[in-house]
Structures are given as C-alpha cells and as structure tokens.
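K.L.:
Supplied structure: structure-v3.txt, compact mmCIF, C-alpha atoms.
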# COMPACT_ATOMS: atom_id res chain seq x y z
CA MET A 5 10.98 -160.23 52.82
CA VAL A 6 9.10 -158.96 55.83
CA SER A 7 10.15 -159.59 59.42
CA ARG A 8 8.01 -159.20 62.48
CA ALA A 9 9.14 -156.37 64.78
CA PRO A 10 10.81 -157.85 67.89
CA PRO A 11 9.55 -157.13 71.42
CA PRO A 12 11.24 -154.07 73.00
CA GLY A 13 14.75 -154.75 74.18
CA CYS A 14 15.32 -157.68 71.84
CA ASP A 15 17.50 -157.77 68.74
CA ALA A 16 15.85 -158.58 65.45
CA HIS A 17 17.46 -160.95 62.98
CA CYS A 18 16.63 -161.73 59.38
CA SER A 19 14.80 -165.05 59.28
CA ARG A 20 16.54 -166.01 56.06
CA CYS A 21 20.19 -165.01 56.46
CA GLY A 22 20.48 -164.23 60.18
CA ALA A 23 21.79 -160.68 59.72
CA ALA A 24 21.00 -158.19 62.50
CA LEU A 25 18.11 -155.90 61.57
CA HIS A 26 17.75 -152.25 62.55
CA THR A 27 14.83 -149.90 61.95
CA ARG A 28 17.52 -147.25 61.35
CA LYS A 29 21.28 -147.63 61.01
CA PRO A 30 22.74 -147.39 64.54
CA ALA A 31 24.23 -143.99 65.48
CA SER A 32 23.86 -142.98 61.85
CA LEU A 33 24.09 -139.20 62.29
CA ALA A 34 26.94 -139.26 64.81
CA ARG A 35 29.03 -141.53 62.58
CA THR A 36 28.29 -139.48 59.46
CA TRP A 37 29.36 -136.27 61.24
CA ALA A 38 32.53 -137.90 62.56
CA PHE A 39 33.62 -139.21 59.15
CA LEU A 40 32.69 -135.89 57.51
CA LEU A 41 34.72 -133.89 60.01
CA ALA A 42 37.76 -136.13 59.56
CA ALA A 43 37.43 -135.86 55.77
CA ALA A 44 37.11 -132.06 55.91
CA ILE A 45 40.26 -131.76 58.04
CA LEU A 46 42.28 -134.01 55.73
CA TYR A 47 40.95 -132.18 52.68
CA VAL A 48 43.28 -129.26 53.50
CA PRO A 49 46.61 -131.17 53.33
CA ALA A 50 45.20 -133.18 50.41
CA ASN A 51 45.05 -130.00 48.34
CA ILE A 52 48.02 -128.07 49.71
CA LEU A 53 50.65 -130.80 49.90
CA PRO A 54 52.11 -132.21 46.68
CA ILE A 55 50.63 -135.53 45.56
CA MET A 56 53.63 -136.12 43.33
CA ASP A 57 57.29 -134.96 43.26
CA THR A 58 58.98 -135.01 39.87
CA SER A 59 62.76 -134.72 40.06
CA SER A 60 64.92 -134.40 36.98
CA LEU A 61 68.24 -132.84 36.01
CA PHE A 62 66.51 -129.48 36.10
CA GLY A 63 65.38 -129.71 39.70
CA THR A 64 62.33 -130.89 41.56
CA GLU A 65 58.79 -130.07 40.59
CA ARG A 66 56.02 -130.49 43.14
CA ASN A 67 52.59 -131.28 41.76
CA THR A 68 49.40 -130.69 43.70
CA ILE A 69 46.01 -131.91 42.56
CA LEU A 70 45.16 -128.51 41.13
CA SER A 71 48.47 -128.14 39.28
CA GLY A 72 47.89 -131.57 37.72
CA VAL A 73 44.62 -130.34 36.26
CA ALA A 74 46.27 -127.11 35.13
CA PHE A 75 49.03 -129.11 33.39
CA LEU A 76 46.49 -131.16 31.44
CA TRP A 77 44.61 -127.99 30.48
CA THR A 78 47.63 -126.04 29.25
CA SER A 79 48.99 -129.02 27.33
CA GLY A 80 45.79 -129.09 25.30
CA SER A 81 44.00 -132.15 26.70
CA TRP A 82 40.83 -130.26 27.58
CA VAL A 83 38.59 -133.31 27.73
CA LEU A 84 40.87 -135.06 30.20
CA ALA A 85 41.47 -131.85 32.14
CA THR A 86 37.71 -131.44 32.59
CA LEU A 87 37.37 -135.10 33.55
CA VAL A 88 40.11 -134.94 36.19
CA PHE A 89 38.80 -131.59 37.42
CA PHE A 90 35.40 -133.17 38.05
CA ALA A 91 36.75 -136.38 39.59
CA SER A 92 39.36 -134.77 41.85
CA ILE A 93 37.93 -131.39 42.77
CA VAL A 94 34.20 -131.13 42.05
CA VAL A 95 33.19 -134.62 43.26
CA PRO A 96 34.94 -134.57 46.68
CA LEU A 97 33.79 -131.01 47.43
CA ALA A 98 30.22 -131.60 46.24
CA LYS A 99 30.15 -134.84 48.20
CA MET A 100 31.22 -133.26 51.48
CA LEU A 101 28.87 -130.28 51.04
CA SER A 102 25.90 -132.49 50.09
CA LEU A 103 26.46 -134.86 53.00
CA THR A 104 26.71 -131.87 55.36
CA LEU A 105 23.45 -130.57 53.94
CA LEU A 106 21.75 -133.96 54.31
CA ALA A 107 23.02 -134.56 57.84
CA ALA A 108 22.16 -131.00 58.92
CA SER A 109 18.66 -131.19 57.41
CA VAL A 110 17.99 -134.45 59.27
CA GLN A 111 19.45 -132.99 62.46
CA MET A 112 17.12 -129.99 62.22
CA ARG A 113 14.21 -132.31 61.37
CA ALA A 114 13.60 -130.45 58.11
CA ALA A 115 10.72 -131.76 56.01
CA TRP A 116 11.46 -130.16 52.65
CA HIS A 117 11.83 -132.12 49.41
CA PRO A 118 12.46 -135.58 50.85
CA ARG A 119 12.47 -137.15 47.41
CA THR A 120 15.06 -134.74 46.03
CA ARG A 121 17.26 -135.20 49.11
CA THR A 122 17.02 -138.98 48.74
CA ARG A 123 18.03 -138.69 45.11
CA LEU A 124 20.96 -136.46 46.09
CA TYR A 125 22.10 -139.17 48.50
CA ARG A 126 21.99 -141.83 45.78
CA VAL A 127 24.04 -139.67 43.40
CA ILE A 128 26.67 -139.08 46.12
CA GLU A 129 26.87 -142.77 46.88
CA PHE A 130 27.43 -143.57 43.22
CA ALA A 131 29.86 -140.78 42.28
CA GLY A 132 32.24 -140.87 45.27
CA ARG A 133 34.45 -143.68 43.99
CA TRP A 134 35.52 -141.73 40.89
CA SER A 135 37.65 -139.42 43.04
CA MET A 136 40.20 -142.23 43.30
CA LEU A 137 41.23 -141.35 39.74
CA ASP A 138 44.21 -139.20 40.76
CA ILE A 139 45.54 -141.87 43.12
CA TYR A 140 45.73 -144.32 40.22
CA VAL A 141 47.39 -141.75 37.98
CA VAL A 142 50.08 -141.20 40.62
CA THR A 143 50.50 -144.98 40.98
CA ILE A 144 51.16 -145.50 37.28
CA LEU A 145 53.45 -142.48 36.95
CA VAL A 146 55.52 -143.47 39.99
CA ALA A 147 55.93 -147.01 38.71
CA LEU A 148 56.89 -146.03 35.16
CA VAL A 149 59.11 -143.03 35.78
CA GLN A 150 61.17 -144.47 38.59
CA ILE A 151 64.61 -145.58 37.57
CA SER A 152 64.67 -143.97 34.19
CA THR A 153 67.77 -141.83 33.80
CA LEU A 154 65.94 -138.63 32.95
CA ALA A 155 63.54 -138.16 35.81
CA SER A 156 61.96 -139.90 38.73
CA ILE A 157 58.54 -139.45 40.22
CA ARG A 158 57.71 -140.10 43.86
CA ALA A 159 54.35 -140.08 45.58
CA GLY A 160 53.93 -137.06 47.84
CA PRO A 161 52.23 -136.80 51.24
CA GLY A 162 49.20 -135.15 49.62
CA ALA A 163 48.34 -138.43 47.89
CA ALA A 164 47.86 -140.28 51.18
CA ALA A 165 45.71 -137.44 52.54
CA PHE A 166 43.64 -137.35 49.36
CA GLY A 167 43.12 -141.12 49.39
CA ALA A 168 42.04 -140.86 53.02
CA VAL A 169 39.51 -138.15 52.09
CA VAL A 170 37.98 -140.41 49.45
CA VAL A 171 37.79 -143.38 51.84
CA LEU A 172 36.39 -141.27 54.71
CA THR A 173 33.67 -139.70 52.55
CA MET A 174 32.71 -143.17 51.31
CA PHE A 175 32.39 -144.27 54.95
CA ALA A 176 30.40 -141.12 55.73
CA ALA A 177 27.96 -141.85 52.89
CA ALA A 178 27.67 -145.49 53.96
CA SER A 179 26.86 -144.58 57.57
CA PHE A 180 24.15 -142.11 56.61
CA ASP A 181 20.70 -143.65 56.67
CA PRO A 182 18.49 -142.12 53.92
CA ARG A 183 15.40 -143.35 55.78
CA LEU A 184 16.06 -140.61 58.35
CA ILE A 185 15.09 -138.09 55.64
CA TRP A 186 11.57 -139.52 55.63
CA ASP A 187 11.07 -139.71 59.39
CA THR A 188 9.63 -136.18 59.58
CA GLN A 189 6.95 -136.83 56.95
CA GLY A 190 4.32 -138.20 59.35
CA GLU A 191 4.69 -135.31 61.77
CA GLU A 192 3.36 -132.39 59.71
CA SER A 193 -0.22 -133.42 59.10
CA MET B 7 6.74 -158.90 37.07
CA PRO B 8 6.89 -158.48 33.25
CA PRO B 9 10.18 -159.28 31.49
CA GLY B 10 12.53 -156.31 31.73
CA GLY B 11 10.40 -154.74 34.46
CA GLU B 12 11.50 -153.07 37.66
CA ALA B 13 9.68 -152.33 40.90
CA HIS B 14 10.27 -148.95 42.52
CA CYS B 15 9.35 -147.57 45.91
CA THR B 16 6.33 -145.28 45.38
CA ARG B 17 7.62 -142.92 48.03
CA CYS B 18 11.32 -142.37 47.37
CA GLY B 19 11.77 -143.98 43.94
CA ALA B 20 14.40 -146.51 45.03
CA GLN B 21 14.63 -149.69 43.01
CA LEU B 22 13.17 -152.59 45.00
CA TYR B 23 13.20 -155.51 42.59
CA ARG B 24 14.38 -156.13 39.10
CA TRP B 25 13.16 -158.75 36.71
CA ALA B 26 15.80 -161.43 36.16
CA ARG B 27 16.05 -164.15 33.55
CA ALA B 28 15.44 -167.70 34.77
CA ASP B 29 19.04 -168.54 33.87
CA ALA B 30 20.54 -165.27 35.17
CA ASN B 31 22.87 -167.03 37.60
CA GLU B 32 24.08 -169.46 34.91
CA ARG B 33 25.10 -166.45 32.86
CA ALA B 34 26.62 -164.77 35.92
CA LEU B 35 28.77 -167.86 36.58
CA ALA B 36 30.01 -167.95 32.98
CA LEU B 37 30.84 -164.24 33.06
CA ALA B 38 32.53 -164.49 36.46
CA LEU B 39 34.73 -167.38 35.26
CA ALA B 40 35.73 -165.37 32.18
CA ALA B 41 36.45 -162.38 34.42
CA ALA B 42 38.61 -164.53 36.72
CA ILE B 43 40.75 -165.65 33.76
CA LEU B 44 41.10 -162.07 32.52
CA PHE B 45 41.98 -160.95 36.04
CA CYS B 46 45.02 -163.26 35.97
CA VAL B 47 46.06 -162.04 32.52
CA ALA B 48 45.63 -158.41 33.60
CA ASN B 49 47.90 -158.90 36.60
CA VAL B 50 50.67 -160.84 34.88
CA PHE B 51 51.27 -158.66 31.81
CA PRO B 52 52.52 -155.05 31.75
CA ILE B 53 49.94 -152.25 31.68
CA LEU B 54 52.07 -149.63 29.99
CA GLY B 55 55.51 -149.59 28.42
CA LEU B 56 57.66 -146.49 28.22
CA GLU B 57 60.65 -145.61 26.07
CA VAL B 58 62.91 -142.61 26.66
CA GLN B 59 66.06 -142.27 24.55
CA GLY B 60 66.32 -145.99 23.97
CA VAL B 61 65.74 -146.95 27.59
CA LYS B 62 62.68 -149.17 27.91
CA ASP B 63 60.63 -149.77 30.99
CA SER B 64 57.22 -151.26 31.69
CA THR B 65 55.06 -151.92 34.70
CA THR B 66 52.51 -154.41 35.90
CA LEU B 67 49.95 -153.46 38.52
CA LEU B 68 51.72 -155.43 41.26
CA HIS B 69 55.02 -153.82 40.36
CA ALA B 70 53.36 -150.41 40.60
CA VAL B 71 52.05 -151.21 44.08
CA ARG B 72 55.49 -152.47 45.12
CA SER B 73 57.25 -149.32 43.92
CA LEU B 74 54.82 -147.19 45.92
CA TRP B 75 55.54 -149.36 48.95
CA ASN B 76 59.31 -149.05 48.47
CA ASP B 77 58.82 -145.31 48.20
CA GLU B 78 57.32 -145.43 51.70
CA ALA B 79 53.92 -144.36 50.37
CA TYR B 80 52.32 -147.12 52.44
CA THR B 81 48.81 -145.67 52.63
CA VAL B 82 48.55 -145.16 48.89
CA ALA B 83 50.08 -148.56 48.14
CA ALA B 84 47.61 -150.29 50.46
CA LEU B 85 44.68 -148.34 49.03
CA VAL B 86 45.59 -149.26 45.46
CA PHE B 87 46.25 -152.91 46.36
CA VAL B 88 42.90 -153.27 48.14
CA THR B 89 40.74 -151.51 45.53
CA THR B 90 42.25 -152.92 42.33
CA ILE B 91 43.55 -156.37 43.31
CA LEU B 92 42.23 -157.67 46.61
CA VAL B 93 38.55 -156.66 46.42
CA PRO B 94 37.97 -157.52 42.73
CA ALA B 95 39.64 -160.91 43.30
CA ALA B 96 37.67 -161.58 46.49
CA GLU B 97 34.41 -160.55 44.83
CA LEU B 98 34.98 -162.84 41.84
CA VAL B 99 36.02 -165.77 44.02
CA GLY B 100 32.99 -165.13 46.23
CA ILE B 101 30.51 -165.10 43.35
CA ILE B 102 32.03 -168.22 41.77
CA TRP B 103 31.99 -169.97 45.18
CA VAL B 104 28.32 -169.18 45.79
CA LEU B 105 27.14 -170.08 42.29
CA VAL B 106 29.13 -173.34 42.16
CA ALA B 107 27.86 -174.31 45.63
CA LEU B 108 24.28 -173.68 44.49
CA ARG B 109 24.77 -175.68 41.30
CA LEU B 110 26.25 -178.62 43.17
CA GLY B 111 23.21 -178.50 45.42
CA GLU B 112 25.23 -178.35 48.61
CA ARG B 113 23.82 -176.66 51.65
CA GLY B 114 27.10 -174.85 51.76
CA ARG B 115 27.92 -173.71 55.27
CA GLY B 116 30.00 -170.83 53.95
CA THR B 117 27.47 -169.66 51.36
CA VAL B 118 25.48 -167.30 53.59
CA PRO B 119 28.48 -165.35 54.97
CA MET B 120 29.90 -165.33 51.44
CA LEU B 121 26.74 -163.66 50.06
CA HIS B 122 26.98 -161.04 52.82
CA PHE B 123 30.66 -160.62 52.04
CA ILE B 124 30.09 -160.04 48.29
CA GLU B 125 27.50 -157.40 49.11
CA SER B 126 29.71 -155.56 51.61
CA VAL B 127 32.93 -155.36 49.57
CA LYS B 128 31.24 -154.34 46.32
CA PRO B 129 31.72 -150.52 46.67
CA TRP B 130 35.47 -151.00 47.21
CA GLY B 131 36.26 -152.67 43.88
CA MET B 132 37.32 -149.86 41.55
CA VAL B 133 38.63 -151.47 38.37
CA GLU B 134 36.69 -149.03 36.16
CA VAL B 135 38.21 -146.00 37.90
CA PHE B 136 41.64 -147.58 37.60
CA VAL B 137 41.24 -148.06 33.83
CA LEU B 138 40.39 -144.38 33.48
CA GLY B 139 43.41 -143.53 35.65
CA VAL B 140 45.71 -145.50 33.36
CA LEU B 141 44.31 -143.65 30.33
CA VAL B 142 44.93 -140.28 32.01
CA SER B 143 48.53 -141.21 32.86
CA LEU B 144 49.00 -142.45 29.30
CA VAL B 145 48.04 -139.02 27.97
CA LYS B 146 50.24 -137.26 30.54
CA LEU B 147 53.27 -139.35 29.58
CA THR B 148 52.85 -139.02 25.80
CA HIS B 149 54.22 -135.48 26.20
CA VAL B 150 57.58 -136.72 27.50
CA ALA B 151 58.10 -140.23 26.20
CA THR B 152 57.00 -142.91 23.76
CA ILE B 153 54.24 -144.90 25.40
CA GLU B 154 53.09 -148.34 24.45
CA PRO B 155 49.80 -149.71 25.83
CA GLY B 156 50.40 -153.19 27.22
CA VAL B 157 48.34 -156.37 27.11
CA ALA B 158 47.11 -155.73 30.66
CA LEU B 159 45.57 -152.37 29.73
CA PHE B 160 43.20 -154.08 27.29
CA SER B 161 42.66 -156.92 29.75
CA PHE B 162 41.71 -154.45 32.48
CA ALA B 163 39.31 -152.67 30.12
CA ALA B 164 37.65 -156.00 29.25
CA LEU B 165 37.71 -157.04 32.93
CA MET B 166 35.89 -153.82 33.82
CA LEU B 167 33.10 -154.72 31.35
CA LEU B 168 32.93 -158.35 32.52
CA ILE B 169 32.71 -157.36 36.20
CA ALA B 170 29.88 -154.95 35.37
CA ALA B 171 28.11 -157.63 33.32
CA THR B 172 28.53 -160.21 36.12
CA ALA B 173 27.09 -157.79 38.67
CA ALA B 174 24.18 -157.00 36.34
CA GLU B 175 23.32 -160.67 35.75
CA PHE B 176 23.94 -161.94 39.29
CA ASP B 177 20.51 -162.54 40.82
CA ALA B 178 21.03 -162.44 44.58
CA ASP B 179 17.31 -162.87 45.26
CA ALA B 180 17.27 -166.16 43.38
CA ALA B 181 20.40 -167.31 45.21
CA TRP B 182 18.84 -166.54 48.60
CA ALA B 183 15.58 -168.26 47.63
CA GLN B 184 17.47 -171.33 46.45
CA LEU B 185 19.43 -171.44 49.70
CA ALA B 186 16.33 -171.00 51.83
CA ALA B 187 14.62 -173.88 50.04
CA ARG B 188 17.29 -176.25 51.36
CA TRP B 189 16.86 -175.44 55.02
Go through the file and emit its structure as structure tokens.
P.N.:
Amino acid sequence: MVSRAPPPGCDAHCSRCGAALHTRKPASLARTWAFLLAAAILYVPANILPIMDTSSLFGTERNTILSGVAFLWTSGSWVLATLVFFASIVVPLAKMLSLTLLAASVQMRAAWHPRTRTRLYRVIEFAGRWSMLDIYVVTILVALVQISTLASIRAGPGAAAFGAVVVLTMFAAASFDPRLIWDTQGEES
Amino acid sequence: MPPGGEAHCTRCGAQLYRWARADANERALALALAAAILFCVANVFPILGLEVQGVKDSTTLLHAVRSLWNDEAYTVAALVFVTTILVPAAELVGIIWVLVALRLGERGRGTVPMLHFIESVKPWGMVEVFVLGVLVSLVKLTHVATIEPGVALFSFAALMLLIAATAAEFDADAAWAQLAARW
C-alpha cells in the first residue's frame, strides 16, 4: 500500500489500519546505542557470575555459561557442546559487534556495501532469539533437580543478567532502522 | 504473481510479497486450532521425568516457572513465562480470533488492534528454542540420572512445528484486504 506524504508538521497514518507512519523509525540510532550499551555492560556479569549453583553432599559447584559448554564438551557431547557454544557465546557476541558496526557505519554516513550490511541486519534479527537456549536449560535443571535428596540446583545471578542481555539486544535490533543504511546512496553521484 | 512466487526488493533483496493460496487462511485457522489444543496438552503433562536411586520426580513447564520464582529468580521466571507460555498463547488466541471474526463476516472492532498485536509479539514467542533447551538438559541429566521424556516434550515439539506452519500459512495481506472491504 502507498500513502501520500503528509504536509510538514503533520503525522501520517496508514489509511487502512490507522497505524502511525514514519519515514524512518524515530530516534533509531540513539535507541540502538542505548540498548547496545546496556547489553554490553550486562554482558560482563552474565559471563562472570554463575548461571547455576549445583549443591550436593560434596559441596557447591558454580556453573558459568562457559563452564556449561566445557562440561558438555568433556562429557563427549560434541554436537551439543558446539550448539550451545554458538547459541550462548558466538551469537550474543556477534550480535553486539554487528549492531555496533551497523550503527557506527550509519553514524559515520558510510556508503560501503549497503546490500551486505542489510543482509547482516536480517541475519542478526533472525538469530538473536536462539541465545535464550541456556535460560531454558537452567529452567529445566532447576525444576527437576530441586528436592531430590542427592543434589539441588538453583538459578544463579548470571542467568538474570544473561537473559537481560538477550532481551536488550533484541530491543537494540528492533530499534535499528535498516533503511538508514541506504540513506547515503543518493549522495555520492 | 505465479503460484509459489515471491516478490523481492530490487535494491536490498527484502521479501515484499509472497504468493498465498486462495484458502491460506482456512488452513491457518485449522492449524492454529490444532496448535491451541496441543498447547493445552503441552502445559498439563510433564516434560521430563527423572529417577535417582528410586526417587522419582517430574516437571511441567508451569511447575518449572514456579520453582524459579520460589528460588527468587524472578527475572528468569518472568522471562521464561512470557516467552514460552504467555506469548505463544496470546499469538494463537489472536490468530484464531481474527480468522473466526473474518469468517463470521463481522466488522470486528477488535480485529485491527489484534492484527497489530499478533505482528508485534511474534519475535517473543520462543517455543522452538525451548524445545532445543529441553533436549540439551535431557543430555546433561542422562549423565547423573535416569531420564524419561514426558508427553509434553513431544507435544512441545509438535507445537513448535504447528506454530511455524500456522505462521507460514497465515496470509495477513488477505486478512487486511478482507477487513478493508467491509469499511
């Protein structure tokens, strides 16, 4: 559907559903930077603090995200270890770095490879959700190994921080407007 | 547009339109109803059962959320509740609402906000990630205990497929056009 551009100073609304229309998402870059910064700060406790405490007769074991991957690897589940490594470590890091790159390139009005940058944005938007994997693993383990006599597992403070990182990077990706990547294209020629 | 065709932006390659069957929304309604039934099954029955030295325990999804909450892991509990229970339920109810309203031929005052709502909550439903998470915890626990996959694990796996199929069939363009024709 095509809408006529409104006169200056007026808000545009979709003629079919009434939603507010913007030529670009409002305050897109500022919001993306804000969410990214918050995510980057929380990324530190998310990786340092334990996401899970396992206590048994033999004492308490504190598991971070990285030690969870290491456990899967040493116990021989290489496929799963690789999977969790990608979902919990590669995806959040790659997502934050890529969004920083995208936001910085738009900020500097860079004109290089708009199509590739747009594709990068789409991949980020799609892949971000898979980082929630570890949160669900903790959920199931906490629920199952709770009142059993041998051991009990509790969620650690790292889990909340990690969940917040995932949510914040999803917000960051949603506030970024990929159309901004293309705004420099008319200027060169 | 030819059957099975897609229209892409010539500049950035984004998908603009996708060919849809004439009865796409009929199929979407059938799939969404099936998904709604499975959703109930998946939430009532245990996901995994565990046995250590004769002591048996099992957990449903709601029980898992409650034990996180009792553990004072409020953020995580809320996150899990929203992404695996609240959003998938709201999305299914929303789609069924819209499609039934369109079938009944009502002008449906709530239909427009509901279509917006379905679109906006979509990224926050994460049943497929949850299913993978259950499988990972299953493997982790097999080292220390006897694990039995529960009815809900299979229901969640099927639910994941049905939600994806519903989303693939659901033709929002047709729904909007049908709504606009009544104004």
K.L.:
So, counting all atoms listed in the file, which residue among A:Ala115, A:Ser92, A:Val127, A:Leu184 is closest to A:Val141?
P.N.:
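Closest to A:Val141 of all the choices is A:Ser92.
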K.L.:
For a quick check of understanding, using all atoms listed in the file, which of B:Gly111, B:Phe123, B:Asn31, B:Phe136 has the smallest distance to B:Met166?
P.N.:
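Closest candidate: B:Phe136.
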K.L.:
Env of A:Ile69: 12 Å cut, atoms = only C-alpha atoms, seq-sep filter 3 positions within chain, self excluded. Answer as a ChimeraX atom specification.
P.N.:
/A:47-57,66,72-76,85,88-94,135-139,141-142,160-163,165-167
K.L.:
From the options B:Arg188, B:Ala181, B:Ser143, B:Leu159, which residue's atoms come nearest to B:Pro52, counting all atoms listed in the file?
P.N.:
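Under the stated criterion, the closest residue is B:Leu159.
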K.L.:
Would you please work out which residue, of A:Thr68, A:Ser179, A:Ser156, A:Thr58, is nearest to A:Leu103 when using only C-alpha atoms?
P.N.:
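The closest residue to A:Leu103 is A:Ser179.
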K.L.:
Taking all atoms listed in the file into account, report as a PyMOL selection string which residues of chain A lie within 7 Å of chain B.
P.N.:
chain A and resi 20-21+84+119+122+134+136-138+140-141+143-145+147-148+158-159+163-164+167
K.L.:
Of the residues A:Val6, A:Leu124, A:Ala131, A:Val149, which is the one nearest to B:Ile153, using all atoms listed in the file?
P.N.:
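For B:Ile153, the nearest of the given residues is A:Val149.
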K.L.:
Which residue is closest to B:Ala158? Choose from B:Met7, B:Ala40, B:Val50, B:Ala13 and count all atoms listed in the file.
P.N.:
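The answer is B:Val50, which sits nearest to B:Ala158.
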